[in-house]
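Colleague: PDB, C-alpha atoms, file protein.pdb:
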```pdb
ATOM      1  CA  MET A1442     164.400 100.054  54.660  1.00  0.00           C
ATOM      2  CA  SER A1443     162.477  98.696  51.717  1.00  0.00           C
ATOM      3  CA  ALA A1444     163.843  98.145  48.246  1.00  0.00           C
ATOM      4  CA  TRP A1445     163.400 101.842  47.407  1.00  0.00           C
ATOM      5  CA  GLY A1446     164.388 103.274  50.782  1.00  0.00           C
ATOM      6  CA  GLY A1447     160.968 103.813  52.400  1.00  0.00           C
ATOM      7  CA  GLY A1448     158.416 101.701  54.194  1.00  0.00           C
ATOM      8  CA  TYR A1449     155.683  99.552  52.737  1.00  0.00           C
ATOM      9  CA  ARG A1450     152.198 101.006  52.424  1.00  0.00           C
ATOM     10  CA  TYR A1451     149.171  98.772  52.829  1.00  0.00           C
ATOM     11  CA  VAL A1452     148.045  97.666  49.347  1.00  0.00           C
ATOM     12  CA  GLY A1453     145.352  95.144  50.292  1.00  0.00           C
ATOM     13  CA  PRO A1454     141.565  95.448  50.380  1.00  0.00           C
ATOM     14  CA  ALA A1455     140.392  98.876  51.541  1.00  0.00           C
ATOM     15  CA  GLU A1456     137.699  97.389  53.782  1.00  0.00           C
ATOM     16  CA  LEU A1457     140.326  95.642  55.903  1.00  0.00           C
ATOM     17  CA  LYS A1458     142.179  98.886  56.508  1.00  0.00           C
ATOM     18  CA  ALA A1459     138.898 100.679  57.231  1.00  0.00           C
ATOM     19  CA  ALA A1460     138.202  98.117  59.983  1.00  0.00           C
ATOM     20  CA  VAL A1461     141.387  99.039  61.893  1.00  0.00           C
ATOM     21  CA  ARG A1462     140.541 100.779  65.150  1.00  0.00           C
ATOM     22  CA  PRO A1463     142.666 103.486  66.787  1.00  0.00           C
ATOM     23  CA  GLY A1464     144.811 102.130  69.581  1.00  0.00           C
ATOM     24  CA  GLY A1465     144.604  98.636  68.162  1.00  0.00           C
ATOM     25  CA  GLY A1466     147.436  96.785  66.591  1.00  0.00           C
ATOM     26  CA  GLY A1467     149.768  94.026  67.524  1.00  0.00           C
ATOM     27  CA  CYS A1468     151.607  93.787  70.791  1.00  0.00           C
ATOM     28  CA  ARG A1469     154.671  96.043  70.714  1.00  0.00           C
ATOM     29  CA  ILE A1470     157.785  93.966  71.462  1.00  0.00           C
ATOM     30  CA  GLY A1471     160.595  96.449  72.087  1.00  0.00           C
ATOM     31  CA  SER A1472     162.759  94.400  74.461  1.00  0.00           C
ATOM     32  CA  ALA A1473     163.559  90.871  75.567  1.00  0.00           C
ATOM     33  CA  ALA A1474     161.391  91.470  78.651  1.00  0.00           C
ATOM     34  CA  ASP A1475     158.449  92.483  76.417  1.00  0.00           C
ATOM     35  CA  PHE A1476     158.830  89.261  74.436  1.00  0.00           C
ATOM     36  CA  ASP A1477     159.132  87.123  77.571  1.00  0.00           C
ATOM     37  CA  ALA A1478     155.926  88.624  78.986  1.00  0.00           C
ATOM     38  CA  TRP A1479     154.083  88.212  75.666  1.00  0.00           C
ATOM     39  CA  ILE A1480     155.174  84.605  75.010  1.00  0.00           C
ATOM     40  CA  ALA A1481     154.318  83.589  78.593  1.00  0.00           C
ATOM     41  CA  GLU A1482     150.683  84.486  77.872  1.00  0.00           C
ATOM     42  CA  ARG A1483     150.458  82.243  74.779  1.00  0.00           C
ATOM     43  CA  SER A1484     148.736  78.882  75.060  1.00  0.00           C
ATOM     44  CA  ALA A1485     150.323  75.638  73.890  1.00  0.00           C
ATOM     45  CA  ALA A1486     147.796  75.583  71.015  1.00  0.00           C
ATOM     46  CA  GLU A1487     148.765  79.109  69.914  1.00  0.00           C
ATOM     47  CA  LEU A1488     152.435  78.153  69.857  1.00  0.00           C
ATOM     48  CA  THR A1489     151.786  75.406  67.298  1.00  0.00           C
ATOM     49  CA  GLU A1490     150.885  78.000  64.644  1.00  0.00           C
ATOM     50  CA  PRO A1491     152.786  80.961  63.245  1.00  0.00           C
ATOM     51  CA  PHE A1492     151.977  84.476  64.407  1.00  0.00           C
ATOM     52  CA  THR A1493     151.410  87.612  62.350  1.00  0.00           C
ATOM     53  CA  PHE A1494     154.279  90.080  62.614  1.00  0.00           C
ATOM     54  CA  VAL A1495     155.116  93.537  61.376  1.00  0.00           C
ATOM     55  CA  VAL A1496     158.070  95.807  61.950  1.00  0.00           C
ATOM     56  CA  GLY A1497     156.728  99.320  62.341  1.00  0.00           C
ATOM     57  CA  MET A1498     158.339 102.412  60.890  1.00  0.00           C
ATOM     58  CA  ASP A1499     159.931 102.865  64.323  1.00  0.00           C
ATOM     59  CA  GLY A1500     161.807  99.573  63.800  1.00  0.00           C
ATOM     60  CA  VAL A1501     159.890  97.811  66.585  1.00  0.00           C
ATOM     61  CA  LEU A1502     158.477  94.303  66.233  1.00  0.00           C
ATOM     62  CA  ARG A1503     154.732  93.862  66.703  1.00  0.00           C
ATOM     63  CA  LEU A1504     153.057  90.465  67.095  1.00  0.00           C
ATOM     64  CA  ALA A1505     149.463  89.287  66.791  1.00  0.00           C
ATOM     65  CA  PRO A1506     147.617  85.962  66.436  1.00  0.00           C
ATOM     66  CA  ARG A1507     148.048  84.270  63.061  1.00  0.00           C
ATOM     67  CA  ARG A1508     144.583  85.013  61.767  1.00  0.00           C
ATOM     68  CA  SER A1509     145.072  88.726  62.395  1.00  0.00           C
ATOM     69  CA  GLU A1510     145.394  90.997  59.406  1.00  0.00           C
ATOM     70  CA  HIS A1511     148.816  92.583  58.991  1.00  0.00           C
ATOM     71  CA  VAL A1512     147.226  95.999  58.588  1.00  0.00           C
ATOM     72  CA  ALA A1513     145.489  95.551  61.966  1.00  0.00           C
ATOM     73  CA  CYS A1514     148.761  94.414  63.558  1.00  0.00           C
ATOM     74  CA  ALA A1515     150.394  97.588  62.201  1.00  0.00           C
ATOM     75  CA  GLY A1516     147.540  99.797  63.390  1.00  0.00           C
ATOM     76  CA  GLY A1517     146.937 100.789  59.759  1.00  0.00           C
ATOM     77  CA  ASP A1518     150.401 102.311  59.415  1.00  0.00           C
ATOM     78  CA  MET A1519     153.250 101.721  56.989  1.00  0.00           C
ATOM     79  CA  VAL A1520     155.749  98.986  57.882  1.00  0.00           C
ATOM     80  CA  LEU A1521     159.382  98.113  57.274  1.00  0.00           C
ATOM     81  CA  SER A1522     158.607  94.382  57.103  1.00  0.00           C
ATOM     82  CA  ALA A1523     155.653  92.029  57.548  1.00  0.00           C
ATOM     83  CA  GLY A1524     154.945  88.330  57.466  1.00  0.00           C
ATOM     84  CA  GLU A1525     154.449  85.236  59.576  1.00  0.00           C
ATOM     85  CA  ILE A1526     156.723  83.989  62.348  1.00  0.00           C
ATOM     86  CA  SER A1527     157.017  80.901  64.568  1.00  0.00           C
ATOM     87  CA  PHE A1528     158.989  80.439  67.764  1.00  0.00           C
ATOM     88  CA  MET A1529     160.620  77.474  69.497  1.00  0.00           C
ATOM     89  CA  ARG A1530     162.255  76.978  72.846  1.00  0.00           C
ATOM     90  CA  ALA A1531     166.035  76.990  72.598  1.00  0.00           C
ATOM     91  CA  ALA A1532     168.628  76.030  75.212  1.00  0.00           C
ATOM     92  CA  ASP A1533     168.971  79.635  76.346  1.00  0.00           C
ATOM     93  CA  GLY A1534     165.410  80.907  75.835  1.00  0.00           C
ATOM     94  CA  TRP A1535     163.281  81.429  72.750  1.00  0.00           C
ATOM     95  CA  ALA A1536     164.295  81.554  69.093  1.00  0.00           C
ATOM     96  CA  VAL A1537     162.632  82.035  65.736  1.00  0.00           C
ATOM     97  CA  SER A1538     162.054  78.683  64.037  1.00  0.00           C
ATOM     98  CA  GLU A1539     160.390  79.974  60.862  1.00  0.00           C
ATOM     99  CA  VAL A1540     159.779  83.422  59.407  1.00  0.00           C
ATOM    100  CA  SER A1541     158.435  84.618  56.068  1.00  0.00           C
ATOM    101  CA  ASN A1542     157.491  87.841  54.334  1.00  0.00           C
ATOM    102  CA  GLN A1543     154.057  86.369  53.564  1.00  0.00           C
ATOM    103  CA  SER A1544     151.728  89.358  53.811  1.00  0.00           C
ATOM    104  CA  SER A1545     149.316  89.892  50.955  1.00  0.00           C
ATOM    105  CA  GLY A1546     148.291  93.219  52.498  1.00  0.00           C
ATOM    106  CA  TYR A1547     151.757  94.798  52.393  1.00  0.00           C
ATOM    107  CA  CYS A1548     153.488  92.488  49.863  1.00  0.00           C
ATOM    108  CA  PRO A1549     156.955  93.310  51.219  1.00  0.00           C
ATOM    109  CA  ASP A1550     160.021  92.534  49.168  1.00  0.00           C
ATOM    110  CA  VAL A1551     162.422  89.828  50.337  1.00  0.00           C
ATOM    111  CA  THR A1552     164.872  92.657  51.101  1.00  0.00           C
ATOM    112  CA  SER A1553     162.679  93.551  54.087  1.00  0.00           C
ATOM    113  CA  TRP A1554     164.525  90.755  55.909  1.00  0.00           C
ATOM    114  CA  VAL A1555     167.133  93.301  57.005  1.00  0.00           C
ATOM    115  CA  GLU A1556     164.520  95.168  59.058  1.00  0.00           C
ATOM    116  CA  ALA A1557     162.962  91.982  60.443  1.00  0.00           C
ATOM    117  CA  ALA A1558     166.408  90.748  61.500  1.00  0.00           C
ATOM    118  CA  ARG A1559     167.231  94.052  63.183  1.00  0.00           C
ATOM    119  CA  ALA A1560     163.954  94.008  65.147  1.00  0.00           C
ATOM    120  CA  LEU A1561     164.530  90.387  66.236  1.00  0.00           C
ATOM    121  CA  ASP A1562     168.084  91.194  67.285  1.00  0.00           C
ATOM    122  CA  ASP A1563     166.768  94.133  69.330  1.00  0.00           C
ATOM    123  CA  VAL A1564     164.717  91.710  71.432  1.00  0.00           C
ATOM    124  CA  GLU A1565     167.586  89.208  71.613  1.00  0.00           C
ATOM    125  CA  LEU A1566     165.829  86.383  69.804  1.00  0.00           C
ATOM    126  CA  GLY A1567     167.863  83.756  68.003  1.00  0.00           C
ATOM    127  CA  ARG A1568     166.955  83.817  64.340  1.00  0.00           C
ATOM    128  CA  PRO A1569     167.783  82.291  60.964  1.00  0.00           C
ATOM    129  CA  TRP A1570     170.023  84.109  58.461  1.00  0.00           C
ATOM    130  CA  GLY A1571     167.105  85.058  56.269  1.00  0.00           C
ATOM    131  CA  PHE A1572     163.444  84.394  55.645  1.00  0.00           C
ATOM    132  CA  THR A1573     162.924  80.637  55.886  1.00  0.00           C
ATOM    133  CA  HIS A1574     160.230  81.043  53.230  1.00  0.00           C
ATOM    134  CA  GLU A1575     160.619  83.935  50.794  1.00  0.00           C
ATOM    135  CA  VAL A1576     157.574  85.197  48.914  1.00  0.00           C
ATOM    136  CA  VAL A1577     158.237  87.203  45.758  1.00  0.00           C
ATOM    137  CA  PHE A1578     155.464  89.727  45.107  1.00  0.00           C
ATOM    138  CA  ARG A1579     154.998  91.718  41.889  1.00  0.00           C
ATOM    139  CA  ARG A1580     152.283  93.958  40.450  1.00  0.00           C
ATOM    140  CA  CYS A1581     151.444  93.345  36.816  1.00  0.00           C
ATOM    141  CA  PRO A1582     152.169  96.506  34.804  1.00  0.00           C
ATOM    142  CA  ASP A1583     149.324  95.640  32.404  1.00  0.00           C
ATOM    143  CA  CYS A1584     146.367  94.484  34.533  1.00  0.00           C
ATOM    144  CA  GLN A1585     147.651  95.912  37.873  1.00  0.00           C
ATOM    145  CA  GLU A1586     146.913  92.673  39.781  1.00  0.00           C
ATOM    146  CA  HIS A1587     149.235  91.549  42.577  1.00  0.00           C
ATOM    147  CA  ASN A1588     151.044  88.287  41.881  1.00  0.00           C
ATOM    148  CA  ILE A1589     153.113  85.805  43.830  1.00  0.00           C
ATOM    149  CA  VAL A1590     156.004  84.698  41.639  1.00  0.00           C
ATOM    150  CA  ARG A1591     156.574  80.955  41.858  1.00  0.00           C
ATOM    151  CA  GLU A1592     159.607  79.063  40.587  1.00  0.00           C
ATOM    152  CA  ASP A1593     161.087  82.234  39.048  1.00  0.00           C
ATOM    153  CA  ASP A1594     158.216  82.368  36.531  1.00  0.00           C
ATOM    154  CA  PHE A1595     157.763  86.149  36.214  1.00  0.00           C
ATOM    155  CA  VAL A1596     154.477  85.932  34.289  1.00  0.00           C
ATOM    156  CA  CYS A1597     151.161  87.367  35.494  1.00  0.00           C
ATOM    157  CA  VAL A1598     148.745  84.591  36.438  1.00  0.00           C
ATOM    158  CA  PHE A1599     145.813  86.885  35.580  1.00  0.00           C
ATOM    159  CA  CYS A1600     146.679  88.169  32.101  1.00  0.00           C
ATOM    160  CA  GLY A1601     149.885  86.412  31.033  1.00  0.00           C
ATOM    161  CA  SER A1602     152.019  89.569  30.809  1.00  0.00           C
ATOM    162  CA  ASP A1603     155.647  89.598  31.860  1.00  0.00           C
ATOM    163  CA  LEU A1604     156.304  90.776  35.413  1.00  0.00           C
ATOM    164  CA  PRO A1605     159.263  93.001  36.249  1.00  0.00           C
ATOM    165  CA  ALA A1606     162.360  91.600  37.933  1.00  0.00           C
ATOM    166  CA  ALA A1607     162.356  94.377  40.554  1.00  0.00           C
ATOM    167  CA  TRP A1608     159.748  94.812  43.319  1.00  0.00           C
ATOM    168  CA  ASN A1609     156.956  97.139  42.132  1.00  0.00           C
ATOM    169  CA  VAL A1610     153.838  96.340  44.178  1.00  0.00           C
ATOM    170  CA  ASP A1611     153.235  99.887  45.448  1.00  0.00           C
ATOM    171  CA  PRO A1612     152.563 102.061  42.394  1.00  0.00           C
ATOM    172  CA  THR A1613     153.565 105.203  44.356  1.00  0.00           C
ATOM    173  CA  ALA A1614     157.045 103.890  45.187  1.00  0.00           C
TER     174      ALA A1614
END
```
Starting from the file, lay out its structure as structure tokens.

Modeller:
Amino acid sequence: MSAWGGGYRYVGPAELKAAVRPGGGGCRIGSAADFDAWIAERSAAELTEPFTFVVGMDGVLRLAPRRSEHVACAGGDMVLSAGEISFMRAADGWAVSEVSNQSSGYCPDVTSWVEAARALDDVELGRPWGFTHEVVFRRCPDCQEHNIVREDDFVCVFCGSDLPAAWNVDPTA
């Protein structure tokens, strides 16, 4: 679960969520067989770029092309984790080569790795021990803008206010 025990709501631009169509969303990857079928349909060019991923509230991994919006991949729903993911061939199948929580629509905390790892384990994919690239998101308490914290500099890039140490992007959490 997220830092506060629930999922992550979409906090990005409203027009992107409004564009989500019922029945859409990323490809549901609930088993190793699902992943094998999905990856077999990817072109060599697609495999050179990361894919968009979310872990739905049901704990199941969903994948979509990189330029897909996370909210579309999630079908507009809340998620347990979201980001970008790359795969590589390993000796015994496929494995995750890189994975991040980079999703400016959901801004998940780095603690969402637990849910991403669980979903990857469920489909028997080799994976790293954590996000290979962690993105630290915070909402400025003064101007309410979403920030990416770089180099542990917890200062709002928009207004210069101090940002909190704890994840706070969703004001309802």

Colleague: Residues proximal to (154.4, 89.9, 32.2) were defined as those with any atom within 12 Å of that point in the file's coordinates, counting all atoms listed in the file. Which are they, as a ChimeraX atom specification?

Modeller: /A:1579-1588,1590,1594-1606

Colleague: Which residues match the PyMOL selection byres ((chain A and resi 1524) around 9) in the file above, as a VMD selection string?

Modeller: chain A and resid 1492 to 1495 1511 1522 to 1523 1525 to 1526 1540 to 1545 1547 to 1549

Colleague: Atom CA of A:Val1512 to atom CA of A:Ala1473: how many Å, to one decimal?

Modeller: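 Separating atom CA of A:Val1512 from atom CA of A:Ala1473 is a distance of 24.1 Å.
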
Colleague: Name the residues within 8 Å of (156.1, 100.0, 51.7), counting all atoms listed in the file in the file's coordinates, and put them as number ranges by chain.

Modeller: A: 1443, 1447-1451, 1519-1521, 1547, 1549, 1611, 1614

Colleague: Nearest to A:Leu1457 among A:Leu1502, A:Ala1531, A:Ala1485, A:Ala1513, with distances taken over only C-alpha atoms: which residue is it?

Modeller: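 Of all the options, A:Ala1513 lies closest to A:Leu1457.
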
Colleague: Can you sort out stretch 1562-1591 of chain A so it carries N, CA and C atoms, written as a PDB file, keeping the file's coordinate frame?

Modeller:
```
ATOM      1  N   ASP A1562     166.845  91.013  66.521  1.00  0.00           N
ATOM      2  CA  ASP A1562     168.084  91.194  67.285  1.00  0.00           C
ATOM      3  C   ASP A1562     167.867  92.144  68.467  1.00  0.00           C
ATOM      4  N   ASP A1563     167.049  93.168  68.261  1.00  0.00           N
ATOM      5  CA  ASP A1563     166.768  94.133  69.330  1.00  0.00           C
ATOM      6  C   ASP A1563     166.113  93.478  70.539  1.00  0.00           C
ATOM      7  N   VAL A1564     165.361  92.404  70.314  1.00  0.00           N
ATOM      8  CA  VAL A1564     164.717  91.710  71.432  1.00  0.00           C
ATOM      9  C   VAL A1564     165.451  90.415  71.788  1.00  0.00           C
ATOM     10  N   GLU A1565     166.662  90.288  71.257  1.00  0.00           N
ATOM     11  CA  GLU A1565     167.586  89.208  71.613  1.00  0.00           C
ATOM     12  C   GLU A1565     167.034  87.815  71.335  1.00  0.00           C
ATOM     13  N   LEU A1566     166.340  87.684  70.211  1.00  0.00           N
ATOM     14  CA  LEU A1566     165.829  86.383  69.804  1.00  0.00           C
ATOM     15  C   LEU A1566     166.784  85.748  68.805  1.00  0.00           C
ATOM     16  N   GLY A1567     167.108  84.488  69.007  1.00  0.00           N
ATOM     17  CA  GLY A1567     167.863  83.756  68.003  1.00  0.00           C
ATOM     18  C   GLY A1567     167.034  83.700  66.735  1.00  0.00           C
ATOM     19  N   ARG A1568     167.693  83.757  65.602  1.00  0.00           N
ATOM     20  CA  ARG A1568     166.955  83.817  64.340  1.00  0.00           C
ATOM     21  C   ARG A1568     167.754  83.166  63.221  1.00  0.00           C
ATOM     22  N   PRO A1569     167.071  82.799  62.145  1.00  0.00           N
ATOM     23  CA  PRO A1569     167.783  82.291  60.964  1.00  0.00           C
ATOM     24  C   PRO A1569     168.505  83.441  60.250  1.00  0.00           C
ATOM     25  N   TRP A1570     169.248  83.109  59.219  1.00  0.00           N
ATOM     26  CA  TRP A1570     170.023  84.109  58.461  1.00  0.00           C
ATOM     27  C   TRP A1570     169.200  84.855  57.432  1.00  0.00           C
ATOM     28  N   GLY A1571     167.989  84.419  57.236  1.00  0.00           N
ATOM     29  CA  GLY A1571     167.105  85.058  56.269  1.00  0.00           C
ATOM     30  C   GLY A1571     165.708  84.497  56.438  1.00  0.00           C
ATOM     31  N   PHE A1572     164.782  84.967  55.606  1.00  0.00           N
ATOM     32  CA  PHE A1572     163.444  84.394  55.645  1.00  0.00           C
ATOM     33  C   PHE A1572     163.556  82.900  55.351  1.00  0.00           C
ATOM     34  N   THR A1573     162.897  82.076  56.144  1.00  0.00           N
ATOM     35  CA  THR A1573     162.924  80.637  55.886  1.00  0.00           C
ATOM     36  C   THR A1573     162.004  80.282  54.722  1.00  0.00           C
ATOM     37  N   HIS A1574     161.090  81.180  54.419  1.00  0.00           N
ATOM     38  CA  HIS A1574     160.230  81.043  53.230  1.00  0.00           C
ATOM     39  C   HIS A1574     160.087  82.438  52.628  1.00  0.00           C
ATOM     40  N   GLU A1575     160.693  82.634  51.466  1.00  0.00           N
ATOM     41  CA  GLU A1575     160.619  83.935  50.794  1.00  0.00           C
ATOM     42  C   GLU A1575     159.460  83.946  49.811  1.00  0.00           C
ATOM     43  N   VAL A1576     158.672  85.013  49.864  1.00  0.00           N
ATOM     44  CA  VAL A1576     157.574  85.197  48.914  1.00  0.00           C
ATOM     45  C   VAL A1576     157.931  86.384  48.026  1.00  0.00           C
ATOM     46  N   VAL A1577     157.900  86.162  46.721  1.00  0.00           N
ATOM     47  CA  VAL A1577     158.237  87.203  45.758  1.00  0.00           C
ATOM     48  C   VAL A1577     156.930  87.784  45.207  1.00  0.00           C
ATOM     49  N   PHE A1578     156.671  89.035  45.549  1.00  0.00           N
ATOM     50  CA  PHE A1578     155.464  89.727  45.107  1.00  0.00           C
ATOM     51  C   PHE A1578     155.797  90.666  43.953  1.00  0.00           C
ATOM     52  N   ARG A1579     154.890  90.744  42.975  1.00  0.00           N
ATOM     53  CA  ARG A1579     154.998  91.718  41.889  1.00  0.00           C
ATOM     54  C   ARG A1579     153.600  92.176  41.494  1.00  0.00           C
ATOM     55  N   ARG A1580     153.516  93.413  41.015  1.00  0.00           N
ATOM     56  CA  ARG A1580     152.283  93.958  40.450  1.00  0.00           C
ATOM     57  C   ARG A1580     152.428  93.901  38.939  1.00  0.00           C
ATOM     58  N   CYS A1581     151.408  93.425  38.277  1.00  0.00           N
ATOM     59  CA  CYS A1581     151.444  93.345  36.816  1.00  0.00           C
ATOM     60  C   CYS A1581     151.321  94.757  36.243  1.00  0.00           C
ATOM     61  N   PRO A1582     152.247  95.169  35.399  1.00  0.00           N
ATOM     62  CA  PRO A1582     152.169  96.506  34.804  1.00  0.00           C
ATOM     63  C   PRO A1582     150.974  96.667  33.857  1.00  0.00           C
ATOM     64  N   ASP A1583     150.444  95.558  33.343  1.00  0.00           N
ATOM     65  CA  ASP A1583     149.324  95.640  32.404  1.00  0.00           C
ATOM     66  C   ASP A1583     147.973  95.625  33.110  1.00  0.00           C
ATOM     67  N   CYS A1584     147.697  94.589  33.906  1.00  0.00           N
ATOM     68  CA  CYS A1584     146.367  94.484  34.533  1.00  0.00           C
ATOM     69  C   CYS A1584     146.345  95.002  35.972  1.00  0.00           C
ATOM     70  N   GLN A1585     147.509  95.341  36.529  1.00  0.00           N
ATOM     71  CA  GLN A1585     147.651  95.912  37.873  1.00  0.00           C
ATOM     72  C   GLN A1585     147.369  94.933  39.014  1.00  0.00           C
ATOM     73  N   GLU A1586     147.164  93.661  38.733  1.00  0.00           N
ATOM     74  CA  GLU A1586     146.913  92.673  39.781  1.00  0.00           C
ATOM     75  C   GLU A1586     148.215  92.323  40.500  1.00  0.00           C
ATOM     76  N   HIS A1587     148.080  91.998  41.785  1.00  0.00           N
ATOM     77  CA  HIS A1587     149.235  91.549  42.577  1.00  0.00           C
ATOM     78  C   HIS A1587     149.442  90.060  42.340  1.00  0.00           C
ATOM     79  N   ASN A1588     150.681  89.668  42.164  1.00  0.00           N
ATOM     80  CA  ASN A1588     151.044  88.287  41.881  1.00  0.00           C
ATOM     81  C   ASN A1588     152.054  87.785  42.886  1.00  0.00           C
ATOM     82  N   ILE A1589     152.031  86.488  43.126  1.00  0.00           N
ATOM     83  CA  ILE A1589     153.113  85.805  43.830  1.00  0.00           C
ATOM     84  C   ILE A1589     153.872  85.048  42.757  1.00  0.00           C
ATOM     85  N   VAL A1590     155.157  85.340  42.643  1.00  0.00           N
ATOM     86  CA  VAL A1590     156.004  84.698  41.639  1.00  0.00           C
ATOM     87  C   VAL A1590     156.446  83.345  42.189  1.00  0.00           C
ATOM     88  N   ARG A1591     156.187  82.308  41.447  1.00  0.00           N
ATOM     89  CA  ARG A1591     156.574  80.955  41.858  1.00  0.00           C
ATOM     90  C   ARG A1591     157.579  80.393  40.859  1.00  0.00           C
TER      91      ARG A1591
END
```
